[in-house]
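*Asks:* Dropping in start-v1.csv, with CSV, C-alpha atoms.
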```csv
chain,number,residue,atom,x,y,z
A,312,MET,CA,7.3,5.1,-52.9
A,313,ILE,CA,4.2,5.8,-50.7
A,314,VAL,CA,1.0,6.4,-52.6
A,315,THR,CA,-2.7,6.5,-51.7
A,316,THR,CA,-4.8,3.4,-52.6
A,317,LYS,CA,-6.9,5.3,-55.2
A,318,LYS,CA,-4.7,4.5,-58.2
A,319,LEU,CA,-4.0,1.0,-57.0
A,320,PHE,CA,-7.7,0.2,-56.7
A,321,GLU,CA,-8.5,1.7,-60.0
A,322,ALA,CA,-5.9,-0.5,-61.7
A,323,ALA,CA,-7.0,-3.6,-59.8
A,324,TYR,CA,-10.8,-3.3,-59.9
A,325,GLY,CA,-12.5,-6.4,-61.3
A,326,LYS,CA,-9.2,-8.1,-62.1
A,327,TYR,CA,-7.1,-8.7,-59.0
A,328,ALA,CA,-6.8,-7.6,-55.4
A,329,ILE,CA,-4.0,-5.8,-53.5
A,330,GLY,CA,-2.5,-7.6,-50.5
A,331,ALA,CA,-2.7,-5.6,-47.3
A,332,TYR,CA,-0.2,-7.0,-44.7
A,333,ASN,CA,0.2,-6.0,-41.1
A,334,ILE,CA,3.6,-5.5,-39.6
A,335,ASN,CA,5.0,-5.0,-36.1
A,336,ASN,CA,8.8,-5.1,-36.4
A,337,LEU,CA,11.7,-4.7,-38.7
A,338,GLU,CA,11.9,-8.5,-39.6
A,339,GLN,CA,8.3,-8.3,-40.9
A,340,ALA,CA,9.1,-5.1,-42.8
A,341,MET,CA,12.1,-6.5,-44.5
A,342,GLY,CA,10.4,-9.8,-45.4
A,343,LEU,CA,7.4,-7.8,-46.7
A,344,PHE,CA,9.4,-5.6,-49.0
A,345,ARG,CA,11.5,-8.5,-50.3
A,346,GLY,CA,8.5,-10.6,-51.0
A,347,ASN,CA,6.7,-7.9,-52.9
A,348,ILE,CA,9.7,-6.9,-54.9
A,349,GLU,CA,10.4,-10.6,-55.7
A,350,SER,CA,6.8,-11.0,-56.9
A,351,GLN,CA,6.7,-7.6,-58.5
A,352,ALA,CA,3.5,-6.5,-56.7
A,353,PRO,CA,2.2,-3.3,-55.4
A,354,PHE,CA,1.1,-3.6,-51.7
A,355,ILE,CA,-0.4,-2.0,-48.6
A,356,ILE,CA,1.5,-1.9,-45.3
A,357,GLN,CA,-1.0,-2.0,-42.4
A,358,ILE,CA,-0.2,-0.6,-39.0
A,359,SER,CA,-2.8,-1.5,-36.4
A,360,LYS,CA,-3.5,0.4,-33.2
A,361,GLY,CA,-1.8,-2.4,-31.3
A,362,ALA,CA,1.3,-2.3,-33.5
A,363,ARG,CA,1.6,1.5,-32.9
A,364,SER,CA,1.8,0.9,-29.2
A,365,TYR,CA,3.9,-2.3,-29.3
A,366,THR,CA,7.1,-0.3,-29.3
A,367,HIS,CA,6.2,3.2,-30.4
A,368,LYS,CA,4.5,4.4,-33.6
A,369,SER,CA,7.6,6.5,-34.5
A,370,MET,CA,9.7,3.3,-34.5
A,371,LEU,CA,7.5,1.6,-37.1
A,372,GLU,CA,7.4,4.8,-39.2
A,373,ALA,CA,11.2,5.0,-39.2
A,374,ILE,CA,11.5,1.3,-40.2
A,375,ILE,CA,9.1,1.9,-43.1
A,376,ARG,CA,10.9,5.0,-44.2
A,377,ALA,CA,14.2,3.1,-44.2
A,378,ALA,CA,12.7,0.2,-46.2
A,379,ASP,CA,11.3,2.7,-48.7
A,380,ALA,CA,14.9,4.1,-49.2
A,381,LEU,CA,16.3,0.5,-49.5
A,382,PHE,CA,13.7,-0.6,-52.0
A,383,PRO,CA,13.1,2.5,-54.2
A,384,GLU,CA,11.2,0.4,-56.8
A,385,ALA,CA,8.5,-0.5,-54.3
A,386,ILE,CA,5.0,1.1,-54.7
A,387,PHE,CA,2.9,0.9,-51.6
A,388,ALA,CA,0.3,2.6,-49.3
A,389,VAL,CA,0.7,3.0,-45.6
A,390,HIS,CA,-2.6,2.3,-43.9
A,391,LEU,CA,-4.0,2.6,-40.4
A,392,ASP,CA,-5.8,-0.7,-39.7
A,393,HIS,CA,-8.9,-0.7,-37.4
A,394,GLY,CA,-8.5,2.8,-36.1
A,395,ASP,CA,-10.9,4.6,-33.7
A,396,GLU,CA,-11.7,8.2,-34.3
A,397,GLU,CA,-8.9,9.6,-32.2
A,398,THR,CA,-6.2,7.3,-33.7
A,399,CYS,CA,-7.4,8.2,-37.2
A,400,TYR,CA,-6.9,11.9,-36.6
A,401,ASP,CA,-3.5,11.3,-35.2
A,402,ALA,CA,-2.5,9.3,-38.2
A,403,ILE,CA,-4.0,11.8,-40.6
A,404,ASN,CA,-2.2,14.7,-38.9
A,405,SER,CA,1.2,12.8,-38.8
A,406,GLY,CA,1.7,13.4,-42.6
A,407,PHE,CA,3.0,9.8,-42.9
A,408,TYR,CA,-0.1,7.7,-43.5
A,409,SER,CA,-1.7,7.7,-47.0
A,410,SER,CA,-4.8,5.8,-45.9
A,411,VAL,CA,-6.7,5.3,-42.7
A,412,MET,CA,-9.5,2.9,-41.7
A,413,ILE,CA,-12.1,4.2,-39.3
A,414,ASP,CA,-13.8,1.2,-37.7
A,415,ALA,CA,-17.1,2.3,-36.1
A,416,SER,CA,-18.9,-0.9,-37.2
A,417,HIS,CA,-19.7,-1.8,-33.6
A,418,GLU,CA,-21.9,1.4,-33.4
A,419,ASP,CA,-25.4,1.7,-34.7
A,420,PHE,CA,-25.8,2.7,-38.3
A,421,GLU,CA,-26.4,6.4,-37.8
A,422,THR,CA,-23.5,6.7,-35.3
A,423,ASN,CA,-21.2,4.8,-37.7
A,424,VAL,CA,-22.2,7.2,-40.5
A,425,ALA,CA,-21.6,10.3,-38.4
A,426,ILE,CA,-18.2,9.2,-37.1
A,427,THR,CA,-17.0,8.0,-40.5
A,428,ARG,CA,-18.2,11.3,-42.1
A,429,ARG,CA,-16.1,13.3,-39.6
A,430,VAL,CA,-13.0,11.2,-40.3
A,431,VAL,CA,-13.5,11.5,-44.1
A,432,GLU,CA,-13.7,15.3,-44.0
A,433,ALA,CA,-10.5,15.5,-41.9
A,434,ALA,CA,-8.7,13.0,-44.1
A,435,HIS,CA,-9.7,14.4,-47.5
A,436,ALA,CA,-8.5,17.8,-46.3
A,437,LYS,CA,-5.0,16.3,-46.0
A,438,GLY,CA,-5.1,14.2,-49.1
A,439,VAL,CA,-5.6,10.9,-47.2
A,440,VAL,CA,-8.1,8.3,-48.2
A,441,VAL,CA,-10.5,6.5,-45.9
A,442,GLU,CA,-11.6,2.9,-45.6
A,443,ALA,CA,-14.7,2.3,-43.5
A,444,GLU,CA,-16.6,-0.8,-42.3
A,445,LEU,CA,-20.2,-1.8,-42.3
A,446,GLY,CA,-21.3,-5.1,-40.8
A,447,GLN,CA,-19.2,-7.0,-38.2
A,448,LEU,CA,-16.8,-9.8,-38.6
A,449,GLY,CA,-16.6,-12.4,-35.8
A,450,GLY,CA,-13.3,-13.4,-34.1
A,451,VAL,CA,-10.6,-11.6,-32.3
A,452,GLU,CA,-8.0,-9.1,-33.6
A,453,GLU,CA,-6.2,-7.1,-30.9
A,454,HIS,CA,-8.9,-4.7,-29.4
A,455,VAL,CA,-11.6,-6.0,-31.8
A,456,ALA,CA,-13.5,-8.9,-30.4
A,457,VAL,CA,-16.9,-10.1,-31.7
A,458,ASP,CA,-18.5,-13.5,-30.8
A,459,GLU,CA,-20.3,-15.6,-33.4
A,460,ALA,CA,-23.7,-14.3,-32.3
A,461,GLY,CA,-22.6,-10.7,-32.7
A,462,ALA,CA,-21.3,-11.1,-36.2
A,463,LYS,CA,-23.4,-9.4,-38.8
A,464,LEU,CA,-23.2,-9.6,-42.6
A,465,THR,CA,-23.2,-6.3,-44.5
A,466,ASP,CA,-26.7,-5.3,-45.8
A,467,PRO,CA,-26.3,-4.4,-49.5
A,468,ASP,CA,-28.9,-1.6,-49.4
A,469,LYS,CA,-27.3,-0.1,-46.3
A,470,ALA,CA,-23.9,-0.3,-47.9
A,471,LYS,CA,-25.0,2.0,-50.8
A,472,GLU,CA,-26.6,4.5,-48.4
A,473,PHE,CA,-23.5,4.4,-46.1
A,474,VAL,CA,-21.1,5.1,-48.9
A,475,GLU,CA,-23.2,7.9,-50.3
A,476,ARG,CA,-23.6,9.6,-46.9
A,477,THR,CA,-20.1,9.2,-45.6
A,478,GLY,CA,-18.0,9.8,-48.8
A,479,CYS,CA,-15.6,7.0,-47.8
A,480,ASP,CA,-13.2,5.8,-50.5
A,481,SER,CA,-13.5,2.0,-49.9
A,482,LEU,CA,-15.7,-0.2,-47.7
A,483,ALA,CA,-14.8,-3.3,-45.7
A,484,VAL,CA,-17.7,-5.7,-45.9
A,485,ALA,CA,-18.7,-8.7,-43.8
A,486,ILE,CA,-19.4,-11.7,-46.0
A,487,GLY,CA,-18.5,-14.5,-43.6
A,488,THR,CA,-14.9,-14.2,-42.8
A,489,SER,CA,-13.6,-13.6,-39.3
A,490,HIS,CA,-10.5,-12.4,-37.5
A,491,GLY,CA,-7.9,-14.7,-36.1
A,492,ALA,CA,-6.9,-18.4,-36.7
A,493,TYR,CA,-10.4,-19.9,-36.2
A,494,LYS,CA,-12.5,-18.5,-39.0
A,495,PHE,CA,-15.0,-21.2,-39.9
A,496,SER,CA,-16.8,-24.1,-38.3
A,497,GLY,CA,-18.2,-27.0,-40.4
A,498,ALA,CA,-18.9,-26.1,-44.0
A,499,GLN,CA,-19.3,-22.4,-43.4
A,500,THR,CA,-17.7,-20.3,-46.3
A,501,LEU,CA,-17.8,-16.9,-47.9
A,502,ARG,CA,-21.2,-15.4,-48.9
A,503,PHE,CA,-20.5,-14.4,-52.5
A,504,ASP,CA,-24.2,-13.9,-53.0
A,505,VAL,CA,-24.1,-11.0,-50.5
A,506,LEU,CA,-20.9,-9.7,-52.1
A,507,ALA,CA,-22.5,-9.7,-55.6
A,508,GLU,CA,-25.5,-7.7,-54.3
A,509,ILE,CA,-23.2,-5.1,-52.7
A,510,GLN,CA,-21.3,-4.8,-56.0
A,511,LYS,CA,-24.5,-4.4,-57.9
A,512,ARG,CA,-25.5,-1.4,-55.7
A,513,LEU,CA,-22.0,0.0,-55.7
A,514,PRO,CA,-20.6,-0.7,-59.2
A,515,GLY,CA,-16.9,0.2,-59.6
A,516,PHE,CA,-16.6,1.0,-55.9
A,517,PRO,CA,-13.6,-0.6,-54.1
A,518,LEU,CA,-14.5,-3.2,-51.5
A,519,VAL,CA,-12.3,-4.7,-48.8
A,520,LEU,CA,-12.1,-8.2,-47.4
A,521,HIS,CA,-10.9,-8.5,-43.8
A,522,GLY,CA,-10.0,-11.7,-42.0
A,523,ALA,CA,-8.7,-13.3,-45.1
A,524,SER,CA,-5.8,-15.4,-43.9
A,525,SER,CA,-5.9,-19.0,-45.2
A,526,ILE,CA,-4.4,-20.6,-42.1
A,527,PRO,CA,-2.3,-23.2,-44.1
A,528,GLN,CA,-2.7,-26.6,-42.5
A,529,ASP,CA,1.0,-27.5,-43.1
A,530,GLU,CA,1.9,-24.5,-41.0
A,531,VAL,CA,-0.5,-25.5,-38.3
A,532,GLU,CA,0.8,-29.1,-38.3
A,533,ARG,CA,4.4,-27.9,-38.1
A,534,ILE,CA,3.7,-25.5,-35.2
A,535,ASN,CA,1.9,-28.3,-33.3
A,536,ALA,CA,4.7,-30.8,-34.0
A,537,ALA,CA,7.2,-28.2,-32.5
A,538,GLY,CA,5.1,-27.9,-29.3
A,539,GLY,CA,2.2,-25.7,-30.4
A,540,ASN,CA,-1.4,-26.3,-29.6
A,541,LEU,CA,-3.5,-25.0,-32.5
A,542,LYS,CA,-6.6,-27.2,-32.7
A,543,GLY,CA,-9.2,-26.7,-35.3
A,544,ALA,CA,-7.6,-23.6,-36.9
A,545,LYS,CA,-9.2,-23.0,-40.3
A,546,GLY,CA,-9.1,-20.1,-42.8
A,547,VAL,CA,-10.1,-18.8,-46.2
A,548,ASP,CA,-9.4,-20.9,-49.3
A,549,GLU,CA,-6.8,-18.8,-51.3
A,550,ASP,CA,-8.4,-19.9,-54.5
A,551,LEU,CA,-11.5,-17.8,-53.6
A,552,PHE,CA,-9.5,-14.5,-53.9
A,553,LYS,CA,-9.9,-14.3,-57.7
A,554,ARG,CA,-13.7,-14.7,-57.4
A,555,ALA,CA,-13.8,-12.0,-54.7
A,556,ALA,CA,-11.7,-9.7,-56.9
A,557,GLU,CA,-14.1,-10.2,-59.8
A,558,LEU,CA,-16.9,-9.0,-57.5
A,559,GLY,CA,-15.2,-5.7,-56.6
A,560,VAL,CA,-12.8,-6.7,-53.8
A,561,THR,CA,-9.6,-4.7,-54.4
A,562,LYS,CA,-7.9,-5.1,-51.0
A,563,VAL,CA,-7.5,-8.3,-49.0
A,564,ASN,CA,-6.2,-8.1,-45.4
A,565,ILE,CA,-3.8,-10.8,-44.3
A,566,ASP,CA,-2.3,-10.8,-40.8
A,567,THR,CA,-2.7,-14.2,-39.1
A,568,ASP,CA,-0.8,-16.1,-41.8
A,569,GLY,CA,2.2,-14.0,-41.1
A,570,ARG,CA,2.0,-14.7,-37.4
A,571,LEU,CA,1.8,-18.4,-38.1
A,572,VAL,CA,5.1,-18.2,-40.1
A,573,TRP,CA,6.7,-16.3,-37.1
A,574,VAL,CA,5.6,-18.9,-34.6
A,575,ARG,CA,6.6,-21.9,-36.8
A,576,VAL,CA,10.1,-20.5,-37.5
A,577,HIS,CA,10.8,-19.7,-33.9
A,578,ARG,CA,9.3,-23.0,-32.5
A,579,GLU,CA,11.2,-25.2,-34.9
A,580,TYR,CA,14.5,-23.4,-34.6
A,581,LEU,CA,14.4,-23.3,-30.8
A,582,LYS,CA,13.4,-26.9,-30.6
A,583,GLU,CA,16.3,-28.0,-32.8
A,584,HIS,CA,18.8,-25.6,-31.2
A,585,PRO,CA,17.9,-25.5,-27.4
A,586,GLU,CA,21.4,-24.1,-26.7
A,587,VAL,CA,20.9,-20.9,-28.8
A,588,VAL,CA,21.0,-17.4,-27.2
A,589,ASP,CA,21.4,-15.4,-30.5
A,590,PHE,CA,18.0,-14.4,-32.0
A,591,ARG,CA,19.6,-13.1,-35.3
A,592,PRO,CA,19.8,-16.5,-37.1
A,593,ILE,CA,16.1,-17.0,-36.3
A,594,GLY,CA,15.3,-13.6,-37.6
A,595,LYS,CA,17.1,-14.2,-40.9
A,596,ILE,CA,15.2,-17.4,-41.4
A,597,PHE,CA,11.9,-15.6,-40.6
A,598,MET,CA,12.6,-12.8,-43.1
A,599,ALA,CA,13.2,-15.3,-45.9
A,600,GLU,CA,10.1,-17.4,-45.0
A,601,TYR,CA,7.9,-14.3,-44.6
A,602,ALA,CA,9.0,-13.0,-48.0
A,603,LYS,CA,8.2,-16.4,-49.5
A,604,MET,CA,4.7,-16.3,-48.0
A,605,ILE,CA,4.1,-12.7,-49.3
A,606,ALA,CA,5.1,-13.7,-52.8
A,607,HIS,CA,2.8,-16.7,-52.7
A,608,LYS,CA,-0.1,-14.6,-51.5
A,609,ASN,CA,0.4,-12.1,-54.3
A,610,GLU,CA,0.2,-14.9,-56.8
A,611,LYS,CA,-3.1,-16.0,-55.4
A,612,LEU,CA,-4.4,-12.4,-55.3
A,613,GLY,CA,-3.4,-11.8,-58.9
A,614,SER,CA,-1.2,-8.8,-58.0
A,615,ALA,CA,2.1,-10.5,-58.7
A,616,GLY,CA,3.7,-9.0,-61.8
A,617,LYS,CA,1.6,-5.9,-61.7
A,618,LEU,CA,4.2,-3.5,-60.4
A,619,PRO,CA,5.5,-2.4,-63.8
A,620,GLU,CA,1.9,-1.6,-64.8
A,621,ILE,CA,1.4,0.5,-61.6
A,622,ARG,CA,4.7,2.4,-62.1
A,623,LYS,CA,3.6,3.2,-65.7
A,624,LEU,CA,0.2,4.3,-64.4
A,625,LEU,CA,1.9,6.7,-62.0
A,626,GLY,CA,4.2,8.0,-64.6
A,627,LEU,CA,7.3,6.4,-63.1
A,628,ALA,CA,8.2,3.9,-65.9
```
Using structure tokens, write down the structure that the file contains.

*Replies:*
Amino acid sequence: MIVTTKKLFEAAYGKYAIGAYNINNLEQAMGLFRGNIESQAPFIIQISKGARSYTHKSMLEAIIRAADALFPEAIFAVHLDHGDEETCYDAINSGFYSSVMIDASHEDFETNVAITRRVVEAAHAKGVVVEAELGQLGGVEEHVAVDEAGAKLTDPDKAKEFVERTGCDSLAVAIGTSHGAYKFSGAQTLRFDVLAEIQKRLPGFPLVLHGASSIPQDEVERINAAGGNLKGAKGVDEDLFKRAAELGVTKVNIDTDGRLVWVRVHREYLKEHPEVVDFRPIGKIFMAEYAKMIAHKNEKLGSAGKLPEIRKLLGLA
């Protein structure tokens, strides 16, 4: 069942975070639903601008609708990830998305406020909720590319002003994470001091952590052993999710870890079976491994086992 993130965030605030997972194809969709049902967790399906053009946005929407029918006990939001203004309007008007993210964080503060406010007005008129972003994460994610020098932590005072002026429903904050598989250098880590100051100024308001894949080193090692070349890939310690949730983070975006699973499964299978021409056995392995990864992430986020509580909150129990 597709819902907005409002009730999910209300239930989670201060206790746990909801996993937000990007998908691009049916194998990811099936693994995602299975993993969340197995771990009994509510979740957020993220569709990026790149995913919408990978095949066609209608294909992804049809896959999600089919999965919704196959897994009627699932409770989830459908979210546009890193949308520009035009893409946000398209998603809002489609009647399919329950949540959109407008990412104008690369603009100056006033321009970001103006763009976000326009999207909020259009979204709220259709019952769609809006995530916005203030501050900039480093790294690369599809069309979003910010070098280390351009990365900017979120200013807590500006965050309060931004939320008040835009009316956004949640805010993605920059506290040291970055997009992609190379998040940290040296001892760099998350700035919980900044997060605490943001929460102090926006008590009870849902915050979002982007770029939160953990880049498991066993996955990296297995990929490299099967012919990959990931050197120095490093991510967010999963054990930090609980602390982030206590400081107001209700949504954690995880994408790269799923890509690592895909690459590892395919590299290992094709290395061991160089004669294969049937991709379906690989897809079956991937769906099972992806579901396992999703269930594990939900345990770390604290959302595992919360599905009955959410269903009761929504009057579905």

*Asks:* Write out as a PyMOL selection string each polymer residue whose atoms come within 12 Å of segment 581-594 of chain A, counting all atoms listed in the file; drop sequence neighbours fewer than 6 positions from it.

*Replies:* chain A and resi 336-342+533-539+572-575+600-601

*Asks:* I want to know what sits within 12 Å of Ile334 of chain A, based on all atoms listed in the file, with residues of the same chain fewer than 5 positions away left out; could you give that as a PyMOL selection string?

*Replies:* chain A and resi 339-344+355-363+365+368+370-372+374-375+389-392+564-570+573+601

*Asks:* One decimal, Å: what's the distance from atom CA of Val563 of chain A over to atom CA of Thr315 of chain A, could you say?

*Replies:*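 These two atoms are separated by 15.8 Å.
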
*Asks:* With distances taken over all atoms listed in the file, which of A:Glu508, A:Arg554, A:Val560, A:Val439 is nearest to Lys317 of chain A?

*Replies:*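 Selected residue with least distance to Lys317 of chain A: A:Val439.
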
*Asks:* How many Å lie between atom CA of Leu520 of chain A and atom CA of Met604 of chain A, rounded to one decimal?

*Replies:* 18.7 Å
